[in-house]
Amino acid sequence: MSDLVTGEAVVLGLRTAKLPSRGLAVTLDLAAQVVGLVVTTLVLSLLAPDLDGAAVAAVTIGLTVLFLVALPIMIETLSRGRSLGKAALGLRVVRSDGGPVRFRHSLVRGLIGFLEIIVLFGVPAVICSVVSSEGKRLGDVFAGTLVVRERVPGGGGAAAALPPVNPQLLQAIGGELVALDLSAVPEPLWLAVRQFLGRIGELDQTVAHRMSARLADDLAARTGHPVPYGVHPAAYLGAVLTERQRREWSRAQGYAFQQQAQGRQYAPQPHAPQQYGPPQYAPQPTELRPPQHPAPPVAPATPPATPNPPASGTGFAPPA
């Protein structure tokens, strides 16, 4: 049994698949592939009965490669290492370092598997699986992969792996969770905790407890606070992960409110629409004048009377 948590948090605290289970899974996969190949060939023969011998041979070779090589590679890549037979028996293909398989791993396994299982009738695969301590066939050796058990017979689920915790004890550790300094916890460890808790229902109880204890110890070494007495390590991991998510949510909410406040502060003020044309001025109160009445006409002034000159020879001047 391998016991490893990698940076991608694929838990290898599982039993490696041996020859009987792997042989049964391969048998189920081959049966499904052969049935699909035969049905497709019959349908094409009914749809195109006039094909010559060369066309029939080309179609047969193409369908054989499609169903026995291409489809298994594609299914294993998209399902992260689970074919039909492996899913039925609770098996999965992973990398030797514990990570999920990629296309290149499935391609190597599919090409070599076609030779050692179909062309050579599985003789090299059986010999290599018996010799290998981890049950690897030639495709696994060259691709750097490993087939492990995801489900263990008699293993409990998430409810069995997580025993009930006293509510008073959870309430008591609530204050410690709020005061924890989570800045020193690296992101790969958070990823390992999340994926472990997501797959805990597929693990054996003993394996789940051992892996959760080790993850809890790693977490306690970063935070400086050990797991409280009486709390299951997996439950403590879930509580700490929930506290981190709460802090991230609060931080995101505060940042959103700050952005909204800044947006309202620097928002441009609306301007009145500009009017084009000659300016018009409204009369101001100081410019209002009372109505002016016309002045009465002025009579022309009469010229002053000039005195009459004295009559000549009398010496008498008339009164003015």
# chains A, B, ... in the order shown; residues from 1 in each chain; ligands from 1
call {"tool": "residues_around", "arguments": {"residues": "range 216-223 of chain A", "least_positions_apart": "2", "cutoff": "8 Å", "atoms": "only C-alpha atoms", "output": "VMD selection string"}}
result
chain A and resid 180 to 182 184 to 185 189 212 to 214 225 to 227 233 to 234 236 to 237
call {"tool": "write_last_selection", "arguments": {"atoms": "N, CA and C atoms", "output": "JSON list (two decimals), in the first residue's frame"}}
result
[["chain", "number", "residue", "atom", "x", "y", "z"],
["A", 180, "LEU", "N", -6.69, 32.19, 14.51],
["A", 180, "LEU", "CA", -5.59, 31.52, 13.83],
["A", 180, "LEU", "C", -4.94, 32.42, 12.79],
["A", 181, "ASP", "N", -3.63, 32.34, 12.71],
["A", 181, "ASP", "CA", -2.88, 33.05, 11.68],
["A", 181, "ASP", "C", -2.64, 32.08, 10.52],
["A", 182, "LEU", "N", -3.37, 32.27, 9.44],
["A", 182, "LEU", "CA", -3.32, 31.37, 8.30],
["A", 182, "LEU", "C", -2.41, 31.87, 7.19],
["A", 184, "ALA", "N", 0.78, 31.77, 6.96],
["A", 184, "ALA", "CA", 1.95, 30.93, 6.71],
["A", 184, "ALA", "C", 1.60, 29.61, 6.04],
["A", 185, "VAL", "N", 0.32, 29.34, 5.82],
["A", 185, "VAL", "CA", -0.09, 28.07, 5.19],
["A", 185, "VAL", "C", 0.07, 28.20, 3.68],
["A", 189, "LEU", "N", -0.85, 23.19, 0.31],
["A", 189, "LEU", "CA", -1.45, 22.49, 1.44],
["A", 189, "LEU", "C", -2.96, 22.71, 1.47],
["A", 212, "SER", "N", -5.77, 12.24, 7.21],
["A", 212, "SER", "CA", -6.26, 13.47, 7.83],
["A", 212, "SER", "C", -5.39, 13.89, 9.01],
["A", 213, "ALA", "N", -4.87, 12.91, 9.75],
["A", 213, "ALA", "CA", -3.98, 13.25, 10.87],
["A", 213, "ALA", "C", -2.69, 13.88, 10.37],
["A", 214, "ARG", "N", -2.17, 13.37, 9.27],
["A", 214, "ARG", "CA", -0.94, 13.95, 8.76],
["A", 214, "ARG", "C", -1.16, 15.35, 8.18],
["A", 225, "HIS", "N", -0.90, 26.06, 16.22],
["A", 225, "HIS", "CA", -1.95, 25.59, 17.13],
["A", 225, "HIS", "C", -2.25, 24.13, 16.81],
["A", 226, "PRO", "N", -2.06, 23.22, 17.73],
["A", 226, "PRO", "CA", -2.35, 21.82, 17.47],
["A", 226, "PRO", "C", -3.84, 21.56, 17.40],
["A", 227, "VAL", "N", -4.18, 20.39, 16.92],
["A", 227, "VAL", "CA", -5.59, 19.99, 16.84],
["A", 227, "VAL", "C", -6.13, 19.83, 18.26],
["A", 233, "PRO", "N", -9.36, 14.71, 13.21],
["A", 233, "PRO", "CA", -8.51, 15.54, 12.35],
["A", 233, "PRO", "C", -9.22, 16.01, 11.08],
["A", 234, "ALA", "N", -10.03, 15.14, 10.48],
["A", 234, "ALA", "CA", -10.75, 15.56, 9.28],
["A", 234, "ALA", "C", -11.76, 16.65, 9.57],
["A", 236, "TYR", "N", -11.47, 18.84, 11.96],
["A", 236, "TYR", "CA", -10.69, 20.06, 12.20],
["A", 236, "TYR", "C", -10.23, 20.67, 10.87],
["A", 237, "LEU", "N", -9.84, 19.84, 9.93],
["A", 237, "LEU", "CA", -9.44, 20.35, 8.62],
["A", 237, "LEU", "C", -10.61, 21.08, 7.94]]
call {"tool": "select_by_dssp", "arguments": {"residues": "range 15-124 of chain A", "states": "strand (DSSP E)", "output": "PDB file with C-alpha atoms, in the first residue's frame"}}
result
ATOM      1  CA  LEU A  91      -9.897   1.464 -10.019  1.00  0.00           C
ATOM      2  CA  ARG A  92      -8.136   4.536 -11.371  1.00  0.00           C
ATOM      3  CA  VAL A  93      -4.927   5.206 -13.294  1.00  0.00           C
ATOM      4  CA  VAL A  94      -2.667   7.866 -11.718  1.00  0.00           C
ATOM      5  CA  ARG A  95       0.893   9.000 -12.285  1.00  0.00           C
TER       6      ARG A  95
END
call {"tool": "residues_around", "arguments": {"residues": "range 133-142 of chain A", "least_positions_apart": "4", "cutoff": "10 Å", "atoms": "only C-alpha atoms", "output": "compact mmCIF listing (two decimals) with N, CA and C atoms, in the first residue's frame"}}
result
# COMPACT_ATOMS: atom_id res chain seq x y z
N MET A 1 0.85 -1.18 0.00
CA MET A 1 0.00 0.00 0.00
C MET A 1 0.88 1.23 0.00
N SER A 2 0.59 2.17 -0.87
CA SER A 2 1.35 3.41 -0.94
C SER A 2 0.63 4.48 -0.14
N ARG A 15 -4.86 0.95 -1.87
CA ARG A 15 -4.26 -0.32 -2.27
C ARG A 15 -4.04 -0.31 -3.78
N THR A 16 -2.85 -0.68 -4.18
CA THR A 16 -2.56 -0.80 -5.60
C THR A 16 -3.32 -1.99 -6.18
N ALA A 17 -3.80 -1.83 -7.38
CA ALA A 17 -4.57 -2.89 -8.03
C ALA A 17 -3.64 -4.00 -8.49
N LYS A 18 -4.02 -5.21 -8.23
CA LYS A 18 -3.23 -6.38 -8.60
C LYS A 18 -3.78 -7.01 -9.88
N LEU A 19 -3.18 -8.13 -10.26
CA LEU A 19 -3.50 -8.76 -11.53
C LEU A 19 -4.96 -9.18 -11.67
N PRO A 20 -5.59 -9.83 -10.69
CA PRO A 20 -6.99 -10.26 -10.90
C PRO A 20 -7.95 -9.11 -11.18
N ARG A 22 -7.24 -6.03 -12.20
CA ARG A 22 -6.90 -5.37 -13.44
C ARG A 22 -7.28 -6.23 -14.64
N VAL A 93 -6.32 5.08 -12.87
CA VAL A 93 -4.93 5.21 -13.29
C VAL A 93 -4.42 6.58 -12.86
N VAL A 94 -3.30 6.62 -12.14
CA VAL A 94 -2.67 7.87 -11.72
C VAL A 94 -1.20 7.82 -12.10
N ARG A 95 -0.54 8.95 -12.05
CA ARG A 95 0.89 9.00 -12.29
C ARG A 95 1.64 8.39 -11.11
N SER A 96 2.89 8.07 -11.35
CA SER A 96 3.70 7.47 -10.29
C SER A 96 3.94 8.43 -9.14
N HIS A 105 0.32 10.37 -21.08
CA HIS A 105 0.35 9.10 -20.35
C HIS A 105 -0.65 8.10 -20.94
N SER A 106 -1.84 8.58 -21.23
CA SER A 106 -2.85 7.69 -21.81
C SER A 106 -2.44 7.22 -23.21
N LEU A 107 -1.75 8.10 -23.96
CA LEU A 107 -1.32 7.71 -25.31
C LEU A 107 -0.30 6.58 -25.25
N VAL A 108 0.68 6.71 -24.35
CA VAL A 108 1.69 5.65 -24.23
C VAL A 108 1.05 4.35 -23.74
N ARG A 109 0.17 4.45 -22.75
CA ARG A 109 -0.49 3.25 -22.25
C ARG A 109 -1.35 2.60 -23.32
N GLY A 110 -2.04 3.41 -24.12
CA GLY A 110 -2.91 2.84 -25.14
C GLY A 110 -2.14 2.16 -26.26
N LEU A 111 -1.06 2.79 -26.73
CA LEU A 111 -0.29 2.20 -27.82
C LEU A 111 0.41 0.91 -27.38
N ILE A 112 1.07 0.97 -26.21
CA ILE A 112 1.75 -0.24 -25.74
C ILE A 112 0.74 -1.30 -25.32
N GLY A 113 -0.39 -0.88 -24.76
CA GLY A 113 -1.42 -1.84 -24.39
C GLY A 113 -2.00 -2.58 -25.57
N PHE A 114 -2.11 -1.89 -26.72
CA PHE A 114 -2.61 -2.57 -27.92
C PHE A 114 -1.66 -3.69 -28.32
N LEU A 115 -0.35 -3.47 -28.17
CA LEU A 115 0.62 -4.50 -28.54
C LEU A 115 0.67 -5.63 -27.52
N GLU A 116 0.77 -5.27 -26.24
CA GLU A 116 0.99 -6.32 -25.23
C GLU A 116 -0.29 -7.05 -24.83
N ILE A 117 -1.46 -6.46 -25.03
CA ILE A 117 -2.71 -7.10 -24.62
C ILE A 117 -3.44 -7.73 -25.79
N GLY A 122 -1.85 -10.53 -24.29
CA GLY A 122 -1.72 -10.23 -22.87
C GLY A 122 -0.61 -10.93 -22.14
N PRO A 124 2.86 -10.48 -22.21
CA PRO A 124 3.79 -9.57 -21.54
C PRO A 124 3.16 -8.82 -20.38
N ALA A 125 1.89 -8.44 -20.50
CA ALA A 125 1.22 -7.71 -19.43
C ALA A 125 1.10 -8.57 -18.18
N VAL A 126 0.76 -9.86 -18.36
CA VAL A 126 0.62 -10.76 -17.21
C VAL A 126 1.97 -10.97 -16.52
N ILE A 127 3.00 -11.19 -17.29
CA ILE A 127 4.32 -11.44 -16.70
C ILE A 127 4.82 -10.20 -15.95
N CYS A 128 4.67 -9.04 -16.55
CA CYS A 128 5.15 -7.81 -15.91
C CYS A 128 4.34 -7.51 -14.66
N SER A 129 3.04 -7.75 -14.67
CA SER A 129 2.22 -7.48 -13.49
C SER A 129 2.56 -8.41 -12.34
N LEU A 146 0.37 4.29 -12.57
CA LEU A 146 0.07 3.28 -11.55
C LEU A 146 -1.44 3.15 -11.46
N VAL A 147 -1.93 1.95 -11.30
CA VAL A 147 -3.37 1.69 -11.14
C VAL A 147 -3.63 1.41 -9.67
N VAL A 148 -4.53 2.19 -9.06
CA VAL A 148 -4.81 2.07 -7.63
C VAL A 148 -6.30 1.83 -7.44
call {"tool": "closest_residue", "arguments": {"among": "A:Tyr229, A:Leu30, A:Arg199, A:Gly263", "to": "Phe121 in chain A", "atoms": "only C-alpha atoms"}}
result
A:Leu30
call {"tool": "closest_residue", "arguments": {"among": "A:Ala179, A:Ile118, A:His209, A:Ala58", "to": "Gln33 in chain A", "atoms": "only C-alpha atoms"}}
result
A:Ile118
call {"tool": "closest_residue", "arguments": {"among": "A:Pro72, A:Gly144, A:Pro100, A:Gly62", "to": "Val26 in chain A", "atoms": "only C-alpha atoms"}}
result
A:Pro72
call {"tool": "select_by_dssp", "arguments": {"residues": "range 189-246 of chain A", "states": "alpha helix (DSSP H)", "output": "JSON, numbers by chain"}}
result
{"A": [189, 190, 191, 192, 193, 194, 195, 196, 197, 198, 205, 206, 207, 208, 209, 210, 211, 212, 213, 214, 215, 216, 217, 218, 219, 220, 221, 222, 223, 233, 234, 235, 236, 237, 238, 239, 240, 241, 242, 243, 244, 245, 246]}
call {"tool": "residues_around", "arguments": {"residues": "range 34-49 of chain A", "least_positions_apart": "5", "cutoff": "10 Å", "atoms": "only C-alpha atoms", "output": "list in words"}}
result
Asp29, Val56, Val59, Thr60, Leu63, Thr64, Val65, Leu66, Phe67 and Leu68 of chain A
call {"tool": "write_last_selection", "arguments": {"atoms": "N, CA, C and O atoms", "output": "short mmCIF file (atom, residue, chain, number, x, y, z; two decimals), in the first residue's frame"}}
result
data_model
loop_
_atom_site.label_atom_id
_atom_site.label_comp_id
_atom_site.auth_asym_id
_atom_site.auth_seq_id
_atom_site.Cartn_x
_atom_site.Cartn_y
_atom_site.Cartn_z
N ASP A 29 -13.49 -3.87 -20.47
CA ASP A 29 -13.21 -2.84 -21.48
C ASP A 29 -13.16 -3.44 -22.88
O ASP A 29 -13.74 -2.90 -23.83
N VAL A 56 -13.53 -2.07 -47.97
CA VAL A 56 -13.92 -2.81 -46.78
C VAL A 56 -12.73 -3.00 -45.84
O VAL A 56 -12.83 -2.85 -44.62
N VAL A 59 -11.93 0.39 -44.18
CA VAL A 59 -12.91 0.72 -43.14
C VAL A 59 -12.71 -0.16 -41.92
O VAL A 59 -12.79 0.30 -40.76
N THR A 60 -12.42 -1.44 -42.14
CA THR A 60 -12.22 -2.34 -41.00
C THR A 60 -11.00 -1.94 -40.17
O THR A 60 -11.05 -1.93 -38.94
N LEU A 63 -11.87 1.30 -38.23
CA LEU A 63 -12.74 1.06 -37.08
C LEU A 63 -12.00 0.32 -35.96
O LEU A 63 -12.24 0.58 -34.77
N THR A 64 -11.09 -0.59 -36.33
CA THR A 64 -10.33 -1.30 -35.31
C THR A 64 -9.43 -0.35 -34.52
O THR A 64 -9.37 -0.41 -33.29
N VAL A 65 -8.75 0.53 -35.24
CA VAL A 65 -7.91 1.51 -34.55
C VAL A 65 -8.77 2.46 -33.70
O VAL A 65 -8.38 2.84 -32.58
N LEU A 66 -9.94 2.81 -34.22
CA LEU A 66 -10.79 3.73 -33.48
C LEU A 66 -11.27 3.12 -32.17
O LEU A 66 -11.18 3.75 -31.10
N PHE A 67 -11.78 1.89 -32.22
CA PHE A 67 -12.40 1.30 -31.03
C PHE A 67 -11.37 0.70 -30.07
O PHE A 67 -11.63 0.65 -28.87
N LEU A 68 -10.25 0.24 -30.56
CA LEU A 68 -9.29 -0.45 -29.70
C LEU A 68 -8.12 0.42 -29.25
O LEU A 68 -7.42 0.05 -28.31
#
